[in-house]
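A.B. asks: Just one file: upload_25.txt, with compact mmCIF, C-alpha atoms.
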```txt
# COMPACT_ATOMS: atom_id res chain seq x y z
CA MET A 190 8.70 133.42 9.32
CA GLU A 191 5.64 135.16 10.67
CA GLU A 192 5.22 137.59 7.75
CA LEU A 193 5.15 134.78 5.21
CA LYS A 194 2.62 132.79 7.24
CA GLN A 195 0.38 135.84 7.46
CA ARG A 196 0.55 136.38 3.71
CA ILE A 197 -0.39 132.73 3.13
CA VAL A 198 -3.39 133.09 5.43
CA GLN A 199 -4.47 136.43 3.98
CA GLU A 200 -3.80 135.94 0.27
CA GLY A 201 -3.44 132.20 -0.32
CA THR A 202 -6.24 130.06 -1.69
CA ILE A 203 -6.61 126.36 -1.09
CA LYS A 204 -7.89 124.11 -3.84
CA GLU A 205 -8.75 120.45 -4.01
CA GLY A 206 -5.80 118.14 -4.59
CA ASN A 207 -3.45 119.71 -2.02
CA VAL A 208 -3.05 122.89 -4.08
CA LEU A 209 -2.09 126.07 -2.24
CA LYS A 210 -2.20 129.06 -4.58
CA VAL A 211 0.05 131.94 -3.55
CA ASP A 212 0.40 133.48 -6.98
CA ALA A 213 -0.45 136.97 -5.70
CA PHE A 214 2.92 137.36 -4.00
CA LEU A 215 5.18 134.36 -4.57
CA ASN A 216 5.10 132.67 -7.94
CA HIS A 217 3.26 134.68 -10.58
CA GLN A 218 3.15 138.15 -9.10
CA CYS A 219 6.27 138.59 -6.97
CA ASP A 220 6.57 140.76 -3.87
CA VAL A 221 10.26 141.58 -4.03
CA GLY A 222 10.21 143.33 -0.66
CA LEU A 223 9.03 140.06 0.87
CA PHE A 224 11.70 138.17 -1.14
CA ASP A 225 14.30 140.48 0.37
CA ARG A 226 13.14 139.74 3.91
CA MET A 227 13.03 136.01 3.10
CA GLY A 228 16.65 136.30 1.93
CA ALA A 229 17.59 138.01 5.19
CA GLU A 230 15.92 135.23 7.15
CA TRP A 231 17.78 132.48 5.26
CA ALA A 232 21.03 134.42 5.79
CA ARG A 233 20.29 134.29 9.52
CA LEU A 234 19.37 130.59 9.44
CA PHE A 235 22.44 129.59 7.42
CA ALA A 236 24.82 132.01 9.14
CA GLY A 237 28.41 130.75 9.39
CA LYS A 238 28.04 128.31 6.52
CA ARG A 239 30.20 128.54 3.44
CA ILE A 240 27.92 129.28 0.48
CA ASP A 241 29.69 129.65 -2.87
CA LYS A 242 26.63 129.51 -5.07
CA ILE A 243 22.86 129.32 -4.98
CA LEU A 244 21.11 126.70 -7.08
CA THR A 245 17.42 126.88 -7.99
CA ILE A 246 15.08 125.66 -10.70
CA GLU A 247 13.04 127.57 -13.22
CA ALA A 248 10.73 129.31 -13.15
CA SER A 249 9.37 130.41 -9.77
CA GLY A 250 12.56 129.80 -7.82
CA ILE A 251 14.59 132.28 -9.86
CA GLY A 252 13.29 135.59 -8.52
CA ILE A 253 13.44 134.44 -4.91
CA ALA A 254 16.97 133.06 -5.34
CA CYS A 255 18.29 136.18 -7.11
CA VAL A 256 16.96 138.57 -4.46
CA ALA A 257 18.09 136.24 -1.63
CA ALA A 258 21.61 136.01 -3.10
CA GLN A 259 22.11 139.65 -2.17
CA HIS A 260 22.15 138.47 1.45
CA PHE A 261 24.88 135.93 0.63
CA ASN A 262 27.52 138.33 -0.68
CA ASN A 263 26.01 138.33 -4.17
CA VAL A 264 27.10 134.75 -4.88
CA PRO A 265 26.15 133.53 -8.36
CA VAL A 266 22.68 132.05 -8.81
CA VAL A 267 22.40 129.08 -11.16
CA PHE A 268 18.97 127.95 -12.25
CA ALA A 269 18.35 124.46 -13.55
CA LYS A 270 16.39 124.45 -16.80
CA LYS A 271 13.42 122.28 -17.59
CA TYR A 272 12.95 120.56 -20.92
CA GLN A 273 10.36 118.17 -22.23
CA SER A 274 12.91 116.44 -24.40
CA ILE A 275 16.59 116.92 -24.62
CA ASN A 276 19.63 116.26 -26.76
CA LEU A 277 22.53 116.04 -24.38
CA ASP A 278 25.84 117.23 -25.77
CA GLY A 279 27.82 116.12 -22.73
CA GLU A 280 28.14 119.64 -21.39
CA GLN A 281 25.19 119.37 -19.00
CA TYR A 282 24.34 117.45 -15.88
CA ALA A 283 20.85 116.10 -16.41
CA THR A 284 18.19 114.26 -14.52
CA SER A 285 14.51 113.51 -14.80
CA ILE A 286 11.86 114.84 -12.41
CA HIS A 287 8.26 113.76 -12.08
CA SER A 288 5.76 116.56 -11.58
CA PHE A 289 2.66 115.45 -9.71
CA THR A 290 1.07 118.84 -10.38
CA LYS A 291 1.45 118.53 -14.14
CA GLN A 292 1.31 114.72 -14.19
CA LYS A 293 4.37 114.33 -16.35
CA ASP A 294 8.12 113.88 -16.31
CA PHE A 295 10.46 116.55 -17.43
CA HIS A 296 14.20 116.78 -17.85
CA VAL A 297 16.27 119.18 -15.84
CA ILE A 298 19.75 120.30 -16.81
CA VAL A 299 22.55 122.46 -15.48
CA GLY A 300 25.60 123.42 -17.52
CA LYS A 301 28.58 121.49 -16.16
CA ARG A 302 30.74 124.60 -15.99
CA PHE A 303 28.34 126.21 -13.53
CA LEU A 304 28.67 123.53 -10.83
CA ASN A 305 32.30 122.93 -9.94
CA LYS A 306 33.54 120.05 -7.81
CA GLY A 307 34.09 121.09 -4.20
CA GLU A 308 31.82 124.14 -4.28
CA HIS A 309 29.33 124.59 -1.44
CA VAL A 310 25.82 125.18 -2.69
CA LEU A 311 22.64 126.48 -1.12
CA ILE A 312 19.51 125.22 -2.88
CA ILE A 313 16.55 127.60 -2.86
CA ASP A 314 13.03 127.02 -4.13
CA ASP A 315 9.53 128.39 -3.62
CA PHE A 316 7.73 125.14 -2.75
CA LEU A 317 8.48 121.75 -1.27
CA ALA A 318 5.80 119.08 -1.35
CA ASN A 319 6.85 115.50 -2.06
CA GLY A 320 10.39 116.58 -2.84
CA CYS A 321 10.68 115.41 -6.46
CA ALA A 322 12.14 118.68 -7.73
CA LEU A 323 14.57 118.97 -4.82
CA ASN A 324 15.72 115.40 -5.17
CA GLY A 325 16.44 116.13 -8.82
CA LEU A 326 18.54 119.15 -7.87
CA ILE A 327 20.39 117.10 -5.26
CA GLU A 328 21.14 114.46 -7.90
CA LEU A 329 22.64 117.15 -10.13
CA CYS A 330 24.77 118.33 -7.19
CA GLU A 331 25.96 114.79 -6.49
CA ALA A 332 26.86 114.30 -10.14
CA ALA A 333 28.88 117.53 -10.01
CA GLY A 334 30.58 116.71 -6.71
CA VAL A 335 29.35 119.86 -5.00
CA VAL A 336 28.36 119.99 -1.33
CA VAL A 337 24.72 120.77 -0.55
CA GLU A 338 25.31 123.06 2.40
CA GLY A 339 21.65 123.81 2.96
CA ILE A 340 18.19 123.96 1.43
CA GLY A 341 16.03 127.07 1.80
CA ILE A 342 12.34 126.70 0.98
CA ALA A 343 9.65 129.36 1.15
CA ILE A 344 6.61 127.11 1.72
CA GLU A 345 6.81 123.46 2.68
CA LYS A 346 3.67 121.36 2.59
CA GLY A 347 4.67 119.31 5.61
CA PHE A 348 1.87 116.77 5.19
CA GLN A 349 3.30 115.60 1.85
CA GLY A 350 6.43 114.30 3.52
CA GLY A 351 9.17 115.46 1.18
CA GLY A 352 10.71 117.76 3.76
CA ASP A 353 10.87 115.24 6.59
CA SER A 354 12.43 112.70 4.28
CA LEU A 355 15.18 115.20 3.41
CA ARG A 356 15.73 116.03 7.09
CA GLU A 357 16.06 112.32 7.86
CA ARG A 358 18.72 112.11 5.17
CA GLY A 359 20.65 114.79 7.08
CA TYR A 360 20.06 117.86 4.94
CA ASP A 361 19.91 121.24 6.67
CA LEU A 362 16.48 122.18 5.37
CA GLN A 363 15.02 125.51 6.43
CA SER A 364 11.45 126.18 5.34
CA LEU A 365 10.11 129.64 6.17
CA ALA A 366 6.56 128.32 6.53
CA ILE A 367 5.53 124.69 6.99
CA VAL A 368 1.88 123.97 6.29
CA GLU A 369 0.84 121.03 8.46
CA SER A 370 -2.70 120.86 7.15
CA MET A 371 -5.08 122.90 5.03
CA ASP A 372 -8.76 122.62 4.27
CA PRO A 373 -10.21 123.66 0.89
CA ALA A 374 -13.73 123.67 2.37
CA THR A 375 -13.05 126.20 5.12
CA GLY A 376 -9.91 127.83 3.69
CA SER A 377 -8.09 127.25 6.97
CA VAL A 378 -4.34 126.64 7.16
CA VAL A 379 -2.52 125.12 10.13
CA PHE A 380 1.23 125.65 10.37
CA ARG A 381 3.68 123.28 12.04
CA MET B 243 26.01 150.28 -20.18
CA GLU B 244 29.76 149.81 -20.39
CA GLU B 245 30.00 147.04 -17.79
CA LEU B 246 27.46 144.88 -19.62
CA LYS B 247 29.20 145.39 -22.96
CA GLN B 248 32.51 144.36 -21.40
CA ARG B 249 30.95 141.21 -19.95
CA ILE B 250 29.50 140.33 -23.37
CA VAL B 251 32.92 140.76 -24.97
CA GLN B 252 34.77 138.88 -22.23
CA GLU B 253 32.33 136.06 -21.46
CA GLY B 254 29.89 135.83 -24.35
CA THR B 255 30.23 133.27 -27.10
CA ILE B 256 28.87 133.68 -30.59
CA LYS B 257 27.42 130.72 -32.42
CA GLU B 258 26.08 130.20 -35.92
CA GLY B 259 22.48 131.30 -36.41
CA ASN B 260 22.74 134.65 -34.63
CA VAL B 261 23.14 133.02 -31.24
CA LEU B 262 24.90 135.01 -28.52
CA LYS B 263 25.46 132.88 -25.43
CA VAL B 264 25.76 134.83 -22.21
CA ASP B 265 24.76 132.04 -19.88
CA ALA B 266 27.74 132.61 -17.59
CA PHE B 267 26.25 135.80 -16.15
CA LEU B 268 22.80 136.53 -17.57
CA ASN B 269 20.48 133.63 -18.24
CA HIS B 270 21.66 130.37 -16.70
CA GLN B 271 24.19 131.51 -14.14
CA CYS B 272 23.08 134.93 -12.87
CA ASP B 273 25.39 137.69 -11.63
CA VAL B 274 23.04 139.42 -9.22
CA GLY B 275 25.50 142.25 -8.55
CA LEU B 276 25.37 143.03 -12.27
CA PHE B 277 21.55 142.73 -12.21
CA ASP B 278 21.50 145.30 -9.42
CA ARG B 279 23.58 147.76 -11.43
CA MET B 280 21.37 147.11 -14.49
CA GLY B 281 18.36 147.95 -12.33
CA ALA B 282 20.02 151.19 -11.22
CA GLU B 283 20.70 152.09 -14.84
CA TRP B 284 17.07 151.48 -15.89
CA ALA B 285 15.93 153.55 -12.91
CA ARG B 286 18.09 156.38 -14.26
CA LEU B 287 16.84 155.93 -17.83
CA PHE B 288 13.16 155.79 -16.80
CA ALA B 289 13.44 158.44 -14.05
CA GLY B 290 10.30 160.51 -13.59
CA LYS B 291 8.01 157.92 -15.15
CA ARG B 292 5.17 156.38 -13.24
CA ILE B 293 5.88 152.66 -12.90
CA ASP B 294 3.25 150.68 -10.97
CA LYS B 295 4.43 147.23 -11.93
CA ILE B 296 7.13 145.38 -13.82
CA LEU B 297 6.12 142.74 -16.34
CA THR B 298 8.49 140.08 -17.63
CA ILE B 299 8.35 136.58 -19.07
CA GLU B 300 9.70 133.31 -17.75
CA ALA B 301 12.30 132.15 -17.31
CA SER B 302 15.38 134.32 -17.81
CA GLY B 303 13.59 137.65 -17.36
CA ILE B 304 12.48 136.88 -13.81
CA GLY B 305 15.72 137.27 -11.89
CA ILE B 306 16.66 140.47 -13.69
CA ALA B 307 13.18 141.95 -13.18
CA CYS B 308 13.02 141.04 -9.47
CA VAL B 309 16.41 142.57 -8.68
CA ALA B 310 15.67 145.62 -10.85
CA ALA B 311 12.32 146.18 -9.11
CA GLN B 312 14.25 147.15 -5.98
CA HIS B 313 15.24 150.31 -7.85
CA PHE B 314 11.57 151.06 -8.60
CA ASN B 315 10.28 151.22 -5.03
CA ASN B 316 9.81 147.45 -4.87
CA VAL B 317 6.84 147.50 -7.27
CA PRO B 318 5.36 144.04 -7.89
CA VAL B 319 6.92 141.93 -10.62
CA VAL B 320 4.54 139.84 -12.72
CA PHE B 321 5.97 137.17 -14.97
CA ALA B 322 4.05 135.83 -17.93
CA LYS B 323 4.02 132.03 -18.02
CA LYS B 324 4.73 129.88 -21.03
CA TYR B 325 2.68 126.82 -21.90
CA GLN B 326 2.75 124.43 -24.82
CA SER B 327 -0.97 123.92 -24.61
CA ILE B 328 -3.52 125.63 -22.48
CA ASN B 329 -7.02 125.36 -21.12
CA LEU B 330 -8.19 128.89 -20.60
CA ASP B 331 -10.62 129.36 -17.74
CA GLY B 332 -11.27 133.01 -18.53
CA GLU B 333 -9.09 134.22 -15.71
CA GLN B 334 -6.02 134.79 -17.86
CA TYR B 335 -4.97 137.07 -20.66
CA ALA B 336 -3.34 134.86 -23.25
CA THR B 337 -1.49 135.18 -26.51
CA SER B 338 0.69 133.07 -28.74
CA ILE B 339 4.38 133.71 -29.37
CA HIS B 340 6.61 132.17 -32.00
CA SER B 341 10.10 131.25 -30.84
CA PHE B 342 12.64 131.27 -33.65
CA THR B 343 15.23 129.80 -31.27
CA LYS B 344 13.08 126.80 -30.45
CA GLN B 345 11.20 126.75 -33.78
CA LYS B 346 7.79 126.47 -32.22
CA ASP B 347 4.86 128.47 -30.93
CA PHE B 348 4.00 128.65 -27.29
CA HIS B 349 1.20 130.19 -25.33
CA VAL B 350 1.83 132.92 -22.82
CA ILE B 351 -0.57 133.85 -20.05
CA VAL B 352 -0.93 136.38 -17.29
CA GLY B 353 -3.57 136.18 -14.57
CA LYS B 354 -6.12 138.92 -15.20
CA ARG B 355 -6.02 140.09 -11.61
CA PHE B 356 -2.34 140.93 -11.91
CA LEU B 357 -2.73 143.48 -14.74
CA ASN B 358 -5.28 146.12 -13.82
CA LYS B 359 -6.70 148.65 -16.26
CA GLY B 360 -4.95 152.01 -15.99
CA GLU B 361 -1.76 150.70 -14.39
CA HIS B 362 1.57 151.86 -15.82
CA VAL B 363 3.86 148.98 -16.59
CA LEU B 364 7.58 148.65 -17.30
CA ILE B 365 8.42 145.56 -19.36
CA ILE B 366 11.82 144.01 -18.66
CA ASP B 367 13.51 141.12 -20.44
CA ASP B 368 16.99 139.74 -20.97
CA PHE B 369 17.04 139.63 -24.78
CA LEU B 370 15.41 141.38 -27.71
CA ALA B 371 15.98 139.99 -31.20
CA ASN B 372 13.04 139.99 -33.61
CA GLY B 373 10.66 141.13 -30.90
CA CYS B 374 8.22 138.21 -30.88
CA ALA B 375 8.25 137.79 -27.11
CA LEU B 376 7.94 141.53 -26.48
CA ASN B 377 5.11 141.89 -28.94
CA GLY B 378 3.32 139.13 -27.09
CA LEU B 379 3.78 140.92 -23.77
CA ILE B 380 2.54 144.18 -25.35
CA GLU B 381 -0.55 142.35 -26.62
CA LEU B 382 -1.27 141.16 -23.09
CA CYS B 383 -0.88 144.74 -21.84
CA GLU B 384 -3.26 146.04 -24.51
CA ALA B 385 -5.82 143.38 -23.62
CA ALA B 386 -5.59 144.45 -19.98
CA GLY B 387 -5.76 148.16 -20.72
CA VAL B 388 -2.47 148.91 -18.99
CA VAL B 389 -0.03 151.57 -20.23
CA VAL B 390 3.38 150.35 -21.40
CA GLU B 391 5.46 153.13 -19.87
CA GLY B 392 8.77 151.71 -21.03
CA ILE B 393 10.68 148.62 -22.08
CA GLY B 394 14.02 147.75 -20.49
CA ILE B 395 16.16 145.16 -22.26
CA ALA B 396 19.56 143.86 -21.25
CA ILE B 397 20.88 142.84 -24.68
CA GLU B 398 19.30 143.86 -27.98
CA LYS B 399 20.47 142.21 -31.16
CA GLY B 400 20.04 145.38 -33.22
CA PHE B 401 20.59 143.64 -36.54
CA GLN B 402 17.46 141.53 -36.08
CA GLY B 403 15.25 144.60 -36.20
CA GLY B 404 12.79 143.98 -33.38
CA GLY B 405 14.01 146.92 -31.35
CA ASP B 406 13.90 149.50 -34.14
CA SER B 407 10.40 148.38 -35.04
CA LEU B 408 9.28 148.98 -31.44
CA ARG B 409 10.98 152.40 -31.38
CA GLU B 410 9.17 153.33 -34.61
CA ARG B 411 5.91 152.41 -32.93
CA GLY B 412 6.73 154.96 -30.22
CA TYR B 413 7.79 152.74 -27.34
CA ASP B 414 10.41 154.07 -24.92
CA LEU B 415 12.81 151.17 -25.35
CA GLN B 416 16.06 151.25 -23.41
CA SER B 417 18.50 148.46 -24.17
CA LEU B 418 21.62 148.40 -22.03
CA ALA B 419 23.71 146.91 -24.84
CA ILE B 420 22.81 146.87 -28.54
CA VAL B 421 24.78 144.41 -30.63
CA GLU B 422 25.01 145.80 -34.15
CA SER B 423 26.93 142.86 -35.57
CA MET B 424 28.77 139.80 -34.38
CA ASP B 425 30.94 137.25 -36.09
CA PRO B 426 31.02 133.60 -35.02
CA ALA B 427 34.27 133.04 -36.95
CA THR B 428 36.31 135.69 -35.16
CA GLY B 429 34.19 136.04 -32.00
CA SER B 430 34.06 139.80 -32.46
CA VAL B 431 31.09 141.89 -31.35
CA VAL B 432 30.32 145.41 -32.58
CA PHE B 433 27.98 147.55 -30.47
CA ARG B 434 25.73 150.30 -31.84
```
Take the structure from the file and write it as structure tokens.
C.D. replies:
Amino acid sequence: MEELKQRIVQEGTIKEGNVLKVDAFLNHQCDVGLFDRMGAEWARLFAGKRIDKILTIEASGIGIACVAAQHFNNVPVVFAKKYQSINLDGEQYATSIHSFTKQKDFHVIVGKRFLNKGEHVLIIDDFLANGCALNGLIELCEAAGVVVEGIGIAIEKGFQGGGDSLRERGYDLQSLAIVESMDPATGSVVFR
Amino acid sequence: MEELKQRIVQEGTIKEGNVLKVDAFLNHQCDVGLFDRMGAEWARLFAGKRIDKILTIEASGIGIACVAAQHFNNVPVVFAKKYQSINLDGEQYATSIHSFTKQKDFHVIVGKRFLNKGEHVLIIDDFLANGCALNGLIELCEAAGVVVEGIGIAIEKGFQGGGDSLRERGYDLQSLAIVESMDPATGSVVFR
């Protein structure tokens, strides 16, 4: 998606440790006009698929998913919640995700009544790097018996491999911008 | 807002300890069609006001704020981030908020470059009870020198007093549903 790539080039900052900061428009300050056009683009990319629900994960996925859902007949958006520790009461699907950014594990839950066996789900998130968060969401979907119809990502860091691994596993993964390489010294970004 | 009150009555559950669960449509599973109509209602209630930006707090405020922003000329949405501990690098406004629900304090930050002196801000959040979270957001606004033009809340628990305290302080607070009392034994909800 050309507009998103341009915004990354113009407003993104690259930091050591594979960090791409896009907090001016994507995940701290949110450009909802851009989110709307991202939603339209995913609707085009996933046209013809049955999407009963959109699943995302707090916090930065929520705004994107909610605006995008308007392009999918206003299907419900469910966001998985993160917890440091958790007392499961049996009413949630839960898994554990390792965050390389924060160097810790956290628990992720979704209320069982919000993922119903046989539903077709589109997963949406802002970033895909090594794929830990997405794999956690997929695990929750498998536990619930829902079909992962597609995965829509705003920015994929292609060089970290999570996306290609998901494609190899057969998932219909559509990233609106795939960063192939980036250089903190020069600030340059190369897209796939 | 009649539709929201009906949804609370039909789908909300009341638990001991002043807990009103509305996770089927507001803050775990999100009804984005409802969010859109909530945004339209706030646009009506705050008509004529200058709104440069919408400020909310993660996680449940984000989806509501992003969809609502479409009724305010797609102004940017900034969400304050919660942290258990924090290393401030001087680039954030920060404050501390006590959560009665989670029985702990957490830090809340907003990047300084996303709140600019003189801007007029609308604060949006899903719930207002005792007002701790909102007071934290107002503190961040005061630190930044931005004008809090209004506060839009989905559900106010009127009996917990946070809303009336803010009204007494002169804030233009518009809650779409104000719960005056609720009874976990009978499941009944009385609106103001």
A.B. asks: For chain B, work out the contacting residues on chain A at 7 Å, counting all atoms listed in the file, and write them as a list in words.
C.D. replies: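 Per the criterion, chain A yields His217, Gln218, Cys219, Asp220, Val221, Gly222, Glu247, Ala248, Ile251, Gly252, Cys255, Val256, Asn263, Pro265, Val266, Val267, Phe268 and Phe303 of chain A.
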A.B. asks: Hey, which of B:Val388, B:Leu408, B:Ile397, B:Val363 ends up closest to B:Lys291? Count all atoms listed in the file.
C.D. replies: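 Of B:Val388, B:Leu408, B:Ile397, B:Val363, the one nearest B:Lys291, counting all atoms listed in the file, is B:Val363.
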A.B. asks: Would you mind reading off the distance between atom CA of A:Ser285 and atom CA of A:Val297, one decimal, in Å?
C.D. replies: 6.0 Å
A.B. asks: To one decimal place, how far is atom CA of B:Trp284 from atom CA of B:Asn260 in Å?
C.D. replies: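 Distance between the two atoms: 25.8 Å.
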A.B. asks: Given the choices A:Ala332, A:Ile340, A:Met190, A:Ala283, which gets closest to A:Glu230 if the distance is worked out from only C-alpha atoms?
C.D. replies: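 Residue with the minimum atom-to-atom distance to A:Glu230: A:Met190.
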A.B. asks: What is the distance between atom CA of B:Arg292 and atom CA of B:Arg409, in Å to one decimal?
C.D. replies: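 The value is 19.5 Å.
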A.B. asks: In terms of the shortest atom-to-atom distance over all atoms listed in the file, which of B:Gln334, B:Ser430, B:Gln402, B:Asn372 is closest to B:Ala386?
C.D. replies: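 Counting all atoms listed in the file, the residue closest to B:Ala386 is B:Gln334.
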A.B. asks: Using only C-alpha atoms, pick whichever of A:Glu205, A:Glu328, A:Glu192, A:Glu200 has the shortest atom-to-atom distance to A:Met371.
C.D. replies: A:Glu205
A.B. asks: Select stretch 294-312 of chain B in the preceding structure and write N, CA, C and O atoms to a file as a CSV table (one decimal), in the first residue's frame.
C.D. replies:
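Output file part10.csv follows:
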```csv
chain,number,residue,atom,x,y,z
B,294,ASP,N,-9.3,19.6,18.2
B,294,ASP,CA,-8.1,19.3,17.4
B,294,ASP,C,-7.6,17.9,17.4
B,294,ASP,O,-6.9,17.4,16.6
B,295,LYS,N,-8.0,17.2,18.5
B,295,LYS,CA,-7.4,15.9,18.8
B,295,LYS,C,-8.3,15.2,19.8
B,295,LYS,O,-9.0,15.8,20.6
B,296,ILE,N,-8.3,13.9,19.7
B,296,ILE,CA,-9.0,13.1,20.7
B,296,ILE,C,-7.9,12.3,21.5
B,296,ILE,O,-7.0,11.7,21.0
B,297,LEU,N,-8.1,12.4,22.8
B,297,LEU,CA,-7.2,11.7,23.8
B,297,LEU,C,-8.0,10.6,24.5
B,297,LEU,O,-9.1,10.8,25.0
B,298,THR,N,-7.4,9.4,24.5
B,298,THR,CA,-8.0,8.3,25.3
B,298,THR,C,-6.9,7.5,26.0
B,298,THR,O,-5.7,8.0,26.0
B,299,ILE,N,-7.2,6.4,26.6
B,299,ILE,CA,-6.3,5.6,27.3
B,299,ILE,C,-6.4,4.1,26.9
B,299,ILE,O,-7.5,3.7,26.7
B,300,GLU,N,-5.3,3.4,26.8
B,300,GLU,CA,-5.4,2.0,26.5
B,300,GLU,C,-6.1,1.2,27.6
B,300,GLU,O,-5.9,1.6,28.7
B,301,ALA,N,-6.7,0.1,27.3
B,301,ALA,CA,-6.9,-0.4,26.0
B,301,ALA,C,-8.3,-0.1,25.5
B,301,ALA,O,-8.5,0.2,24.3
B,302,SER,N,-9.3,-0.2,26.3
B,302,SER,CA,-10.7,-0.2,25.8
B,302,SER,C,-11.2,1.1,25.2
B,302,SER,O,-12.1,1.1,24.5
B,303,GLY,N,-10.5,2.2,25.6
B,303,GLY,CA,-10.9,3.4,25.0
B,303,GLY,C,-10.5,3.6,23.5
B,303,GLY,O,-11.2,4.3,22.8
B,304,ILE,N,-9.5,2.8,23.0
B,304,ILE,CA,-8.9,3.1,21.7
B,304,ILE,C,-9.9,2.8,20.6
B,304,ILE,O,-10.1,3.7,19.7
B,305,GLY,N,-10.6,1.7,20.6
B,305,GLY,CA,-11.5,1.4,19.5
B,305,GLY,C,-12.6,2.4,19.4
B,305,GLY,O,-13.0,2.9,18.3
B,306,ILE,N,-13.2,2.8,20.5
B,306,ILE,CA,-14.3,3.7,20.6
B,306,ILE,C,-13.8,5.1,20.1
B,306,ILE,O,-14.5,5.7,19.2
B,307,ALA,N,-12.6,5.5,20.5
B,307,ALA,CA,-12.1,6.8,20.2
B,307,ALA,C,-11.8,6.9,18.7
B,307,ALA,O,-12.1,7.9,18.0
B,308,CYS,N,-11.2,5.8,18.1
B,308,CYS,CA,-10.8,5.8,16.7
B,308,CYS,C,-12.1,5.8,15.8
B,308,CYS,O,-12.1,6.5,14.8
B,309,VAL,N,-13.1,5.1,16.2
B,309,VAL,CA,-14.3,5.1,15.3
B,309,VAL,C,-15.0,6.5,15.5
B,309,VAL,O,-15.5,7.1,14.5
B,310,ALA,N,-15.1,7.0,16.7
B,310,ALA,CA,-15.7,8.3,17.0
B,310,ALA,C,-15.0,9.4,16.3
B,310,ALA,O,-15.7,10.4,15.8
B,311,ALA,N,-13.7,9.3,16.1
B,311,ALA,CA,-12.9,10.4,15.5
B,311,ALA,C,-13.4,10.7,14.1
B,311,ALA,O,-13.2,11.8,13.5
B,312,GLN,N,-14.0,9.7,13.4
B,312,GLN,CA,-14.5,9.9,12.1
B,312,GLN,C,-15.6,10.9,12.0
B,312,GLN,O,-15.9,11.4,11.0
```
